[in-house]
Every structure is written in C-alpha cells, then in structure tokens.
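What follows is the content of model-v8.csv (CSV, N, CA and C atoms).
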```csv
chain,number,residue,atom,x,y,z
E,29,ILE,N,103.3,23.9,15.2
E,29,ILE,CA,103.4,22.9,16.3
E,29,ILE,C,102.6,23.4,17.5
E,30,LEU,N,102.7,24.7,17.8
E,30,LEU,CA,101.9,25.3,18.9
E,30,LEU,C,100.4,25.1,18.7
E,31,SER,N,99.9,25.4,17.5
E,31,SER,CA,98.5,25.2,17.3
E,31,SER,C,98.1,23.7,17.5
E,32,SER,N,99.0,22.8,17.1
E,32,SER,CA,98.7,21.4,17.2
E,32,SER,C,98.6,21.0,18.7
E,33,VAL,N,99.5,21.5,19.5
E,33,VAL,CA,99.4,21.2,20.9
E,33,VAL,C,98.2,21.9,21.6
E,34,CYS,N,97.8,23.1,21.1
E,34,CYS,CA,96.6,23.7,21.7
E,34,CYS,C,95.4,22.9,21.3
E,35,VAL,N,95.3,22.4,20.1
E,35,VAL,CA,94.1,21.7,19.7
E,35,VAL,C,94.1,20.3,20.4
E,36,GLU,N,95.3,19.7,20.6
E,36,GLU,CA,95.4,18.4,21.3
E,36,GLU,C,95.0,18.5,22.8
E,37,SER,N,95.2,19.7,23.4
E,37,SER,CA,95.0,19.8,24.8
E,37,SER,C,93.5,19.7,25.3
E,38,PHE,N,92.6,19.8,24.4
E,38,PHE,CA,91.1,19.7,24.7
E,38,PHE,C,90.6,18.3,24.3
E,39,GLU,N,89.9,17.7,25.2
E,39,GLU,CA,89.4,16.4,24.9
E,39,GLU,C,88.6,16.2,23.6
E,40,PRO,N,87.7,17.1,23.3
E,40,PRO,CA,86.9,16.9,22.0
E,40,PRO,C,87.7,17.0,20.8
E,41,THR,N,88.9,17.7,20.8
E,41,THR,CA,89.7,17.9,19.6
E,41,THR,C,91.0,17.2,19.7
E,42,ARG,N,91.2,16.3,20.7
E,42,ARG,CA,92.4,15.6,20.9
E,42,ARG,C,92.9,14.8,19.7
E,43,HIS,N,92.0,14.1,19.1
E,43,HIS,CA,92.4,13.3,17.9
E,43,HIS,C,92.9,14.2,16.8
E,44,LEU,N,92.2,15.3,16.6
E,44,LEU,CA,92.6,16.3,15.5
E,44,LEU,C,93.9,16.9,15.8
E,45,GLY,N,94.2,17.2,17.1
E,45,GLY,CA,95.5,17.7,17.5
E,45,GLY,C,96.6,16.7,17.2
E,46,ARG,N,96.4,15.5,17.4
E,46,ARG,CA,97.4,14.4,17.2
E,46,ARG,C,97.7,14.3,15.7
E,47,ILE,N,96.6,14.5,14.9
E,47,ILE,CA,96.8,14.5,13.4
E,47,ILE,C,97.7,15.6,13.0
E,48,LEU,N,97.4,16.8,13.5
E,48,LEU,CA,98.3,18.0,13.2
E,48,LEU,C,99.7,17.8,13.7
E,49,LEU,N,99.8,17.3,14.9
E,49,LEU,CA,101.2,17.1,15.4
E,49,LEU,C,102.0,16.1,14.6
E,50,ASP,N,101.3,15.0,14.2
E,50,ASP,CA,101.9,14.0,13.4
E,50,ASP,C,102.4,14.6,12.1
E,51,ARG,N,101.6,15.5,11.5
E,51,ARG,CA,102.0,16.1,10.2
E,51,ARG,C,103.2,17.0,10.4
E,52,ASN,N,103.3,17.7,11.5
E,52,ASN,CA,104.5,18.5,11.8
E,52,ASN,C,105.7,17.8,12.2
E,53,LEU,N,105.6,16.8,13.0
E,53,LEU,CA,106.8,16.1,13.5
E,53,LEU,C,107.3,15.1,12.5
E,54,ASN,N,106.4,14.5,11.7
E,54,ASN,CA,106.9,13.4,10.8
E,54,ASN,C,106.7,13.9,9.4
E,55,PHE,N,107.1,15.1,9.1
E,55,PHE,CA,106.8,15.7,7.8
E,55,PHE,C,107.6,15.0,6.7
E,56,VAL,N,108.8,14.5,6.9
E,56,VAL,CA,109.5,13.8,5.8
E,56,VAL,C,108.8,12.5,5.5
E,57,SER,N,108.4,11.8,6.5
E,57,SER,CA,107.6,10.5,6.2
E,57,SER,C,106.3,10.8,5.5
E,58,ASN,N,105.6,11.9,6.0
E,58,ASN,CA,104.3,12.2,5.4
E,58,ASN,C,104.5,12.6,3.9
E,59,TRP,N,105.5,13.4,3.6
E,59,TRP,CA,105.8,13.8,2.2
E,59,TRP,C,106.1,12.5,1.4
E,60,ASN,N,106.9,11.6,1.9
E,60,ASN,CA,107.2,10.4,1.1
E,60,ASN,C,106.0,9.5,0.9
E,61,LYS,N,105.1,9.4,1.9
E,61,LYS,CA,104.0,8.5,1.8
E,61,LYS,C,102.8,9.1,1.0
E,62,GLU,N,102.6,10.4,1.3
E,62,GLU,CA,101.4,11.1,0.8
E,62,GLU,C,101.8,12.4,0.1
E,63,THR,N,102.5,12.3,-1.0
E,63,THR,CA,103.1,13.5,-1.6
E,63,THR,C,102.0,14.4,-2.1
E,64,LEU,N,101.0,13.9,-2.8
E,64,LEU,CA,99.9,14.7,-3.3
E,64,LEU,C,99.2,15.4,-2.2
E,65,ARG,N,98.8,14.7,-1.1
E,65,ARG,CA,98.1,15.3,0.0
E,65,ARG,C,99.0,16.4,0.6
E,66,SER,N,100.2,16.1,0.9
E,66,SER,CA,101.1,17.1,1.5
E,66,SER,C,101.3,18.3,0.6
E,67,THR,N,101.4,18.1,-0.7
E,67,THR,CA,101.5,19.3,-1.6
E,67,THR,C,100.2,20.1,-1.5
E,68,ILE,N,99.1,19.5,-1.5
E,68,ILE,CA,97.8,20.3,-1.5
E,68,ILE,C,97.7,21.1,-0.2
E,69,GLU,N,98.1,20.4,0.9
E,69,GLU,CA,98.0,21.1,2.2
E,69,GLU,C,99.0,22.3,2.2
E,70,SER,N,100.1,22.1,1.7
E,70,SER,CA,101.1,23.3,1.6
E,70,SER,C,100.7,24.4,0.7
E,71,ILE,N,100.1,24.0,-0.5
E,71,ILE,CA,99.6,25.0,-1.4
E,71,ILE,C,98.5,25.8,-0.8
E,72,VAL,N,97.6,25.2,-0.1
E,72,VAL,CA,96.5,25.9,0.5
E,72,VAL,C,97.0,26.8,1.6
E,73,TRP,N,97.9,26.3,2.4
E,73,TRP,CA,98.5,27.2,3.5
E,73,TRP,C,99.2,28.4,2.9
E,74,ILE,N,100.1,28.2,1.9
E,74,ILE,CA,100.8,29.3,1.4
E,74,ILE,C,99.9,30.3,0.6
E,75,SER,N,99.0,29.7,-0.2
E,75,SER,CA,98.2,30.6,-1.1
E,75,SER,C,97.2,31.4,-0.2
E,76,THR,N,96.7,30.8,0.9
E,76,THR,CA,95.8,31.6,1.8
E,76,THR,C,96.5,32.7,2.5
E,77,ILE,N,97.8,32.4,2.9
E,77,ILE,CA,98.6,33.5,3.5
E,77,ILE,C,98.8,34.6,2.5
E,78,SER,N,99.2,34.2,1.3
E,78,SER,CA,99.4,35.2,0.2
E,78,SER,C,98.2,36.0,-0.1
E,79,LYS,N,97.0,35.4,-0.3
E,79,LYS,CA,95.8,36.1,-0.6
E,79,LYS,C,95.4,37.0,0.6
E,80,SER,N,95.4,36.5,1.8
E,80,SER,CA,95.0,37.2,2.9
E,80,SER,C,95.9,38.5,3.1
E,81,TYR,N,97.2,38.3,2.9
E,81,TYR,CA,98.1,39.4,3.0
E,81,TYR,C,97.9,40.4,1.9
E,82,GLU,N,97.6,39.9,0.7
E,82,GLU,CA,97.3,40.8,-0.4
E,82,GLU,C,96.1,41.7,-0.1
E,83,HIS,N,95.1,41.2,0.6
E,83,HIS,CA,93.9,41.9,0.8
E,83,HIS,C,93.9,42.8,2.1
E,84,THR,N,94.7,42.3,3.1
E,84,THR,CA,94.7,43.0,4.4
E,84,THR,C,96.0,43.8,4.7
E,85,MET,N,97.1,43.4,4.0
E,85,MET,CA,98.4,43.9,4.3
E,85,MET,C,98.8,43.7,5.7
E,86,ARG,N,98.3,42.7,6.4
E,86,ARG,CA,98.7,42.4,7.7
E,86,ARG,C,99.2,40.9,7.8
E,87,LEU,N,100.5,40.8,8.0
E,87,LEU,CA,101.1,39.5,8.0
E,87,LEU,C,100.6,38.6,9.1
E,88,ASP,N,100.4,39.2,10.3
E,88,ASP,CA,99.9,38.4,11.4
E,88,ASP,C,98.6,37.8,11.1
E,89,PHE,N,97.6,38.6,10.6
E,89,PHE,CA,96.3,38.1,10.2
E,89,PHE,C,96.4,37.0,9.1
E,90,ALA,N,97.3,37.3,8.1
E,90,ALA,CA,97.5,36.3,7.0
E,90,ALA,C,98.0,35.0,7.5
E,91,CYS,N,98.9,35.0,8.4
E,91,CYS,CA,99.5,33.7,8.9
E,91,CYS,C,98.4,33.0,9.7
E,92,VAL,N,97.6,33.6,10.5
E,92,VAL,CA,96.6,33.0,11.2
E,92,VAL,C,95.5,32.3,10.3
E,93,THR,N,95.1,33.1,9.3
E,93,THR,CA,94.1,32.6,8.4
E,93,THR,C,94.7,31.5,7.5
E,94,GLY,N,95.9,31.6,7.1
E,94,GLY,CA,96.6,30.5,6.4
E,94,GLY,C,96.7,29.2,7.2
E,95,SER,N,97.0,29.4,8.5
E,95,SER,CA,97.2,28.2,9.3
E,95,SER,C,95.8,27.5,9.6
E,96,ILE,N,94.8,28.4,9.8
E,96,ILE,CA,93.4,27.8,10.1
E,96,ILE,C,92.9,27.1,8.8
E,97,SER,N,93.1,27.7,7.6
E,97,SER,CA,92.7,27.0,6.4
E,97,SER,C,93.4,25.7,6.2
E,98,ALA,N,94.7,25.7,6.5
E,98,ALA,CA,95.5,24.5,6.3
E,98,ALA,C,95.0,23.4,7.2
E,99,MET,N,94.7,23.8,8.5
E,99,MET,CA,94.2,22.8,9.4
E,99,MET,C,92.9,22.2,8.9
E,100,LEU,N,92.0,23.1,8.4
E,100,LEU,CA,90.7,22.6,7.9
E,100,LEU,C,90.9,21.6,6.7
E,101,VAL,N,91.9,21.9,5.9
E,101,VAL,CA,92.2,21.0,4.7
E,101,VAL,C,92.7,19.7,5.2
E,102,VAL,N,93.6,19.7,6.3
E,102,VAL,CA,94.1,18.5,6.9
E,102,VAL,C,93.0,17.7,7.4
E,103,PHE,N,92.1,18.3,8.2
E,103,PHE,CA,90.9,17.5,8.7
E,103,PHE,C,90.0,17.0,7.7
E,104,LEU,N,89.7,17.8,6.7
E,104,LEU,CA,88.9,17.4,5.6
E,104,LEU,C,89.5,16.2,4.8
E,105,GLY,N,90.8,16.3,4.6
E,105,GLY,CA,91.5,15.2,3.9
E,105,GLY,C,91.5,13.9,4.7
E,106,GLU,N,91.6,14.1,6.0
E,106,GLU,CA,91.5,12.9,6.9
E,106,GLU,C,90.2,12.2,6.8
E,107,LEU,N,89.1,13.0,6.7
E,107,LEU,CA,87.8,12.5,6.5
E,107,LEU,C,87.5,11.8,5.2
E,108,LEU,N,88.0,12.5,4.1
E,108,LEU,CA,87.7,12.1,2.8
E,108,LEU,C,88.6,11.0,2.2
E,109,THR,N,89.8,10.9,2.6
E,109,THR,CA,90.8,10.0,2.0
E,109,THR,C,90.3,8.5,2.1
E,110,PRO,N,89.9,8.0,3.3
E,110,PRO,CA,89.4,6.6,3.3
E,110,PRO,C,88.2,6.4,2.4
E,111,VAL,N,87.3,7.3,2.3
E,111,VAL,CA,86.1,7.1,1.5
E,111,VAL,C,86.5,7.1,0.0
E,112,SER,N,87.4,8.1,-0.4
E,112,SER,CA,87.8,8.1,-1.8
E,112,SER,C,88.6,6.9,-2.2
E,113,ARG,N,89.5,6.4,-1.3
E,113,ARG,CA,90.3,5.3,-1.6
E,113,ARG,C,89.4,4.0,-1.7
E,114,SER,N,88.4,3.8,-0.9
E,114,SER,CA,87.5,2.7,-1.1
E,114,SER,C,86.7,2.8,-2.3
E,115,LEU,N,86.3,4.0,-2.7
E,115,LEU,CA,85.6,4.2,-4.0
E,115,LEU,C,86.5,3.8,-5.1
E,116,GLU,N,87.8,4.4,-5.1
E,116,GLU,CA,88.7,4.1,-6.1
E,116,GLU,C,89.1,2.6,-6.2
E,117,THR,N,89.2,1.9,-5.1
E,117,THR,CA,89.4,0.5,-5.1
E,117,THR,C,88.3,-0.2,-5.8
E,118,SER,N,87.1,0.1,-5.5
E,118,SER,CA,85.9,-0.5,-6.1
E,118,SER,C,85.9,-0.3,-7.6
E,119,VAL,N,86.2,0.9,-8.0
E,119,VAL,CA,86.2,1.2,-9.5
E,119,VAL,C,87.3,0.4,-10.2
E,120,ARG,N,88.5,0.3,-9.5
E,120,ARG,CA,89.6,-0.4,-10.1
E,120,ARG,C,89.3,-1.9,-10.2
E,121,ARG,N,88.7,-2.4,-9.2
E,121,ARG,CA,88.3,-3.9,-9.2
E,121,ARG,C,87.3,-4.1,-10.3
E,122,HIS,N,86.4,-3.2,-10.5
E,122,HIS,CA,85.3,-3.3,-11.5
E,122,HIS,C,86.0,-3.4,-12.9
E,123,PHE,N,87.1,-2.6,-13.1
E,123,PHE,CA,87.8,-2.7,-14.4
E,123,PHE,C,88.9,-3.7,-14.5
E,124,GLY,N,89.0,-4.6,-13.5
E,124,GLY,CA,89.9,-5.7,-13.6
E,124,GLY,C,91.2,-5.5,-12.9
E,125,GLN,N,91.4,-4.5,-12.1
E,125,GLN,CA,92.7,-4.4,-11.5
E,125,GLN,C,92.6,-4.9,-10.1
E,126,GLU,N,92.9,-6.2,-9.9
E,126,GLU,CA,92.7,-6.9,-8.6
E,126,GLU,C,93.7,-6.4,-7.5
E,127,ASN,N,94.8,-5.9,-7.9
E,127,ASN,CA,95.8,-5.5,-6.8
E,127,ASN,C,95.6,-4.0,-6.4
E,128,ALA,N,94.3,-3.5,-6.6
E,128,ALA,CA,94.0,-2.1,-6.3
E,128,ALA,C,94.0,-1.8,-4.8
E,129,LYS,N,94.3,-2.8,-4.0
E,129,LYS,CA,94.2,-2.6,-2.5
E,129,LYS,C,95.4,-1.8,-2.0
E,130,ASP,N,96.5,-1.8,-2.7
E,130,ASP,CA,97.7,-1.1,-2.3
E,130,ASP,C,97.5,0.4,-2.3
E,131,SER,N,97.5,0.9,-1.1
E,131,SER,CA,97.2,2.3,-0.9
E,131,SER,C,98.1,3.3,-1.6
E,132,GLN,N,99.4,2.8,-1.8
E,132,GLN,CA,100.4,3.7,-2.4
E,132,GLN,C,100.0,3.9,-3.9
E,133,SER,N,99.3,3.0,-4.5
E,133,SER,CA,99.0,3.1,-5.9
E,133,SER,C,97.7,3.9,-6.2
E,134,LEU,N,97.0,4.2,-5.1
E,134,LEU,CA,95.7,4.9,-5.3
E,134,LEU,C,96.0,6.4,-5.4
E,135,ALA,N,95.3,7.1,-6.3
E,135,ALA,CA,95.5,8.5,-6.5
E,135,ALA,C,94.9,9.4,-5.4
E,136,SER,N,94.0,8.9,-4.6
E,136,SER,CA,93.4,9.6,-3.5
E,136,SER,C,92.7,10.9,-4.1
E,137,SER,N,91.6,10.6,-4.7
E,137,SER,CA,90.9,11.7,-5.4
E,137,SER,C,90.4,12.7,-4.4
E,138,SER,N,90.3,12.4,-3.1
E,138,SER,CA,89.8,13.4,-2.2
E,138,SER,C,90.7,14.6,-2.2
E,139,SER,N,92.0,14.5,-2.4
E,139,SER,CA,92.9,15.6,-2.4
E,139,SER,C,92.5,16.5,-3.6
E,140,PHE,N,92.1,15.9,-4.7
E,140,PHE,CA,91.7,16.7,-5.9
E,140,PHE,C,90.4,17.5,-5.6
E,141,MET,N,89.5,16.8,-4.9
E,141,MET,CA,88.2,17.5,-4.5
E,141,MET,C,88.5,18.6,-3.5
E,142,VAL,N,89.4,18.4,-2.6
E,142,VAL,CA,89.7,19.5,-1.7
E,142,VAL,C,90.3,20.7,-2.4
E,143,ILE,N,91.2,20.5,-3.4
E,143,ILE,CA,91.7,21.6,-4.2
E,143,ILE,C,90.6,22.3,-4.9
E,144,LEU,N,89.8,21.5,-5.6
E,144,LEU,CA,88.7,22.0,-6.4
E,144,LEU,C,87.8,22.9,-5.6
E,145,TYR,N,87.2,22.3,-4.6
E,145,TYR,CA,86.3,23.0,-3.7
E,145,TYR,C,86.9,24.2,-3.0
E,146,GLY,N,88.1,23.9,-2.5
E,146,GLY,CA,88.8,25.0,-1.7
E,146,GLY,C,89.1,26.2,-2.6
E,147,TYR,N,89.6,26.0,-3.8
E,147,TYR,CA,89.8,27.1,-4.7
E,147,TYR,C,88.5,27.8,-5.1
E,148,ALA,N,87.5,27.0,-5.4
E,148,ALA,CA,86.2,27.6,-5.8
E,148,ALA,C,85.6,28.4,-4.6
E,149,GLY,N,85.7,27.8,-3.4
E,149,GLY,CA,85.2,28.5,-2.3
E,149,GLY,C,85.9,29.8,-2.0
E,150,LEU,N,87.3,29.8,-2.0
E,150,LEU,CA,88.1,31.0,-1.8
E,150,LEU,C,87.8,32.0,-2.8
E,151,THR,N,87.7,31.6,-4.1
E,151,THR,CA,87.4,32.6,-5.2
E,151,THR,C,86.1,33.2,-5.0
E,152,LYS,N,85.0,32.5,-4.7
E,152,LYS,CA,83.7,33.0,-4.4
E,152,LYS,C,83.7,33.9,-3.2
E,153,LEU,N,84.4,33.5,-2.2
E,153,LEU,CA,84.4,34.3,-0.9
E,153,LEU,C,85.0,35.6,-1.2
E,154,LEU,N,86.2,35.6,-1.9
E,154,LEU,CA,86.9,36.9,-2.1
E,154,LEU,C,86.2,37.8,-3.1
E,155,ALA,N,85.4,37.2,-4.0
E,155,ALA,CA,84.7,37.9,-5.0
E,155,ALA,C,83.5,38.7,-4.4
E,156,HIS,N,82.9,38.1,-3.3
E,156,HIS,CA,81.7,38.6,-2.8
E,156,HIS,C,81.8,39.3,-1.4
E,157,VAL,N,82.9,39.1,-0.8
E,157,VAL,CA,83.2,39.7,0.5
E,157,VAL,C,84.3,40.7,0.4
E,158,LYS,N,84.0,42.0,0.5
E,158,LYS,CA,85.1,43.0,0.3
E,158,LYS,C,86.1,43.1,1.5
E,159,ASP,N,85.6,42.8,2.7
E,159,ASP,CA,86.5,42.8,3.9
E,159,ASP,C,86.8,41.4,4.3
E,160,VAL,N,88.0,40.9,4.1
E,160,VAL,CA,88.4,39.6,4.3
E,160,VAL,C,88.2,39.2,5.8
E,161,THR,N,88.2,40.2,6.7
E,161,THR,CA,88.0,39.9,8.1
E,161,THR,C,86.6,39.4,8.4
E,162,LEU,N,85.6,39.8,7.6
E,162,LEU,CA,84.3,39.3,7.7
E,162,LEU,C,84.2,37.8,7.3
E,163,ALA,N,85.1,37.4,6.4
E,163,ALA,CA,85.1,36.0,5.9
E,163,ALA,C,85.5,35.1,6.9
```
Do you think you could lay out the structure here as structure tokens?
Amino acid sequence: ILSSVCVESFEPTRHLGRILLDRNLNFVSNWNKETLRSTIESIVWISTISKSYEHTMRLDFACVTGSISAMLVVFLGELLTPVSRSLETSVRRHFGQENAKDSQSLASSSSFMVILYGYAGLTKLLAHVKDVTLA
C-alpha cells in the first residue's frame, strides 16, 4: 500500500498508483472478478522474491525486487488486457459465439503472455547475469 501511495503522489504516475491502490484495497473483489490475473500477479511477486533471495540472501532486496516486478506485471496487464479481450472477442465472433462480449467469459490471454514472457525474461536474465543487483 505504501508503494501505491508513493506512486500515486506524483502527477505522471497518479493513474498507475490508483491501479495499485485498487488492487490492494479491493483484493477480494479483484480475486473474484479476475482470478487468473490475480494469480499471475501473486505468482510473479512471490517467485521473484524467492529467486532474488536465493541469489542474494538479502530479504530486504528480495522484497523490493519482488514488489517492483509485481508492479510492472500489474501495469503490463492493465495495458494488454483490453487488447487481448477485443482480439479474443473478434476470434469468438468469427467462430460463431455471438455472446463473446461478456468479459467474465473471456480467458484474457494477456495474462498468459505476461507469464510466458516474464518467466522467459527472468530465466534469461538469471542465466546471463551473475550478480542480480546488476539486473
């Protein structure tokens, strides 16, 4: 919540801070509406903390890197979800599913892409950078 308030306090990042604050304050509603997205955000957060701690043995650094990576996934998800949902709606209409407008029924493939690229990026980064602080 503290990082959300800090991001929200600056004019250029105010909208992003509100998104983060909403995720924190309305977490039950977010989990009910966007289970896949919330799961991905949590997995990225926890796994980044775990991997960072494993490589640095510093819990403070691991928590910061985990929180920053989770914020980036939240922002990326916010950008990609509308695009992927409109693409998915178009594909479903093409195959005859007229009621594809319901956002709850859409799989939100942007979350899958975030996992795929996030995992690949983290794997490549850790394979080629020996000191995680440089990453």
Worksheet item: Looking at E:Phe103, E:Phe123, E:Phe89, E:Phe38, which one is nearest to Arg51 (chain E), with distances taken over only C-alpha atoms?
Response: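 For Arg51 (chain E), the nearest of the given residues is E:Phe103.
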Worksheet item: Between atom N of Lys79 (chain E) and atom C of Leu53 (chain E), what is the spacing in Å?
Response: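 Going from atom C of Leu53 (chain E) over to atom N of Lys79 (chain E), I get 26.1 Å.
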Worksheet item: By how many Å are CA of Leu30 (chain E) and CA of Thr151 (chain E) apart?
Response: 29.1 Å
Item to complete: Would you kindly return, as a list in words, each protein, DNA or RNA residue with an atom no farther than 6.5 Å from any atom of Gly94 (chain E), considering all atoms listed in the file and excluding same-chain residues fewer than 3 positions away?
Response: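 Using all atoms listed in the file, the neighbours found are Val72, Trp73, Ile74, Thr76, Ile77, Phe89, Ala90, Cys91, Ser97, Ala98 and Met99 of chain E.
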Discussion item. Just the number, please: distance in Å from atom N of Val35 (chain E) to atom N of Leu49 (chain E), one decimal.
Written reply: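 Calculated distance between atom N of Val35 (chain E) and atom N of Leu49 (chain E) is 8.6 Å.
Of the listed residues E:Val101, E:Cys34, E:Ile29, E:Leu115, the one whose atoms come nearest to Ser70 (chain E) is E:Val101, with distances taken using only C-alpha atoms.
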Please report, as lines of an AutoDock Vina configuration file, the centre and edge lengths in Å to one decimal of an axis-aligned box covering all listed atoms of region 33-45 of chain E with 8 Å per side.
```
center_x = 93.2
center_y = 18.5
center_z = 20.4
size_x = 28.6
size_y = 26.4
size_z = 25.8
```
Worksheet entry | Residue with smallest distance to Leu107 (chain E) - pool E:Val119, E:Glu39, E:Ile47, E:Glu62, counting only C-alpha atoms | E:Ile47
Using only C-alpha atoms, which residues sit within 12 Å of Asn52 (chain E) once same-chain residues fewer than 2 positions away are excluded, as a PDB file with N, CA and C atoms, in the frame of the given file?
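Written file, selection-v9.pdb:
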```
ATOM      1  N   ILE E  29     103.300  23.900  15.200  1.00  0.00           N
ATOM      2  CA  ILE E  29     103.400  22.900  16.300  1.00  0.00           C
ATOM      3  C   ILE E  29     102.600  23.400  17.500  1.00  0.00           C
ATOM      4  N   LEU E  30     102.700  24.700  17.800  1.00  0.00           N
ATOM      5  CA  LEU E  30     101.900  25.300  18.900  1.00  0.00           C
ATOM      6  C   LEU E  30     100.400  25.100  18.700  1.00  0.00           C
ATOM      7  N   SER E  31      99.900  25.400  17.500  1.00  0.00           N
ATOM      8  CA  SER E  31      98.500  25.200  17.300  1.00  0.00           C
ATOM      9  C   SER E  31      98.100  23.700  17.500  1.00  0.00           C
ATOM     10  N   SER E  32      99.000  22.800  17.100  1.00  0.00           N
ATOM     11  CA  SER E  32      98.700  21.400  17.200  1.00  0.00           C
ATOM     12  C   SER E  32      98.600  21.000  18.700  1.00  0.00           C
ATOM     13  N   VAL E  33      99.500  21.500  19.500  1.00  0.00           N
ATOM     14  CA  VAL E  33      99.400  21.200  20.900  1.00  0.00           C
ATOM     15  C   VAL E  33      98.200  21.900  21.600  1.00  0.00           C
ATOM     16  N   GLY E  45      94.200  17.200  17.100  1.00  0.00           N
ATOM     17  CA  GLY E  45      95.500  17.700  17.500  1.00  0.00           C
ATOM     18  C   GLY E  45      96.600  16.700  17.200  1.00  0.00           C
ATOM     19  N   ARG E  46      96.400  15.500  17.400  1.00  0.00           N
ATOM     20  CA  ARG E  46      97.400  14.400  17.200  1.00  0.00           C
ATOM     21  C   ARG E  46      97.700  14.300  15.700  1.00  0.00           C
ATOM     22  N   ILE E  47      96.600  14.500  14.900  1.00  0.00           N
ATOM     23  CA  ILE E  47      96.800  14.500  13.400  1.00  0.00           C
ATOM     24  C   ILE E  47      97.700  15.600  13.000  1.00  0.00           C
ATOM     25  N   LEU E  48      97.400  16.800  13.500  1.00  0.00           N
ATOM     26  CA  LEU E  48      98.300  18.000  13.200  1.00  0.00           C
ATOM     27  C   LEU E  48      99.700  17.800  13.700  1.00  0.00           C
ATOM     28  N   LEU E  49      99.800  17.300  14.900  1.00  0.00           N
ATOM     29  CA  LEU E  49     101.200  17.100  15.400  1.00  0.00           C
ATOM     30  C   LEU E  49     102.000  16.100  14.600  1.00  0.00           C
ATOM     31  N   ASP E  50     101.300  15.000  14.200  1.00  0.00           N
ATOM     32  CA  ASP E  50     101.900  14.000  13.400  1.00  0.00           C
ATOM     33  C   ASP E  50     102.400  14.600  12.100  1.00  0.00           C
ATOM     34  N   ASN E  54     106.400  14.500  11.700  1.00  0.00           N
ATOM     35  CA  ASN E  54     106.900  13.400  10.800  1.00  0.00           C
ATOM     36  C   ASN E  54     106.700  13.900   9.400  1.00  0.00           C
ATOM     37  N   PHE E  55     107.100  15.100   9.100  1.00  0.00           N
ATOM     38  CA  PHE E  55     106.800  15.700   7.800  1.00  0.00           C
ATOM     39  C   PHE E  55     107.600  15.000   6.700  1.00  0.00           C
ATOM     40  N   VAL E  56     108.800  14.500   6.900  1.00  0.00           N
ATOM     41  CA  VAL E  56     109.500  13.800   5.800  1.00  0.00           C
ATOM     42  C   VAL E  56     108.800  12.500   5.500  1.00  0.00           C
ATOM     43  N   SER E  57     108.400  11.800   6.500  1.00  0.00           N
ATOM     44  CA  SER E  57     107.600  10.500   6.200  1.00  0.00           C
ATOM     45  C   SER E  57     106.300  10.800   5.500  1.00  0.00           C
ATOM     46  N   ASN E  58     105.600  11.900   6.000  1.00  0.00           N
ATOM     47  CA  ASN E  58     104.300  12.200   5.400  1.00  0.00           C
ATOM     48  C   ASN E  58     104.500  12.600   3.900  1.00  0.00           C
ATOM     49  N   TRP E  59     105.500  13.400   3.600  1.00  0.00           N
ATOM     50  CA  TRP E  59     105.800  13.800   2.200  1.00  0.00           C
ATOM     51  C   TRP E  59     106.100  12.500   1.400  1.00  0.00           C
ATOM     52  N   SER E  66     100.200  16.100   0.900  1.00  0.00           N
ATOM     53  CA  SER E  66     101.100  17.100   1.500  1.00  0.00           C
ATOM     54  C   SER E  66     101.300  18.300   0.600  1.00  0.00           C
ATOM     55  N   GLU E  69      98.100  20.400   0.900  1.00  0.00           N
ATOM     56  CA  GLU E  69      98.000  21.100   2.200  1.00  0.00           C
ATOM     57  C   GLU E  69      99.000  22.300   2.200  1.00  0.00           C
ATOM     58  N   SER E  70     100.100  22.100   1.700  1.00  0.00           N
ATOM     59  CA  SER E  70     101.100  23.300   1.600  1.00  0.00           C
ATOM     60  C   SER E  70     100.700  24.400   0.700  1.00  0.00           C
ATOM     61  N   MET E  99      94.700  23.800   8.500  1.00  0.00           N
ATOM     62  CA  MET E  99      94.200  22.800   9.400  1.00  0.00           C
ATOM     63  C   MET E  99      92.900  22.200   8.900  1.00  0.00           C
ATOM     64  N   VAL E 102      93.600  19.700   6.300  1.00  0.00           N
ATOM     65  CA  VAL E 102      94.100  18.500   6.900  1.00  0.00           C
ATOM     66  C   VAL E 102      93.000  17.700   7.400  1.00  0.00           C
TER      67      VAL E 102
END
```
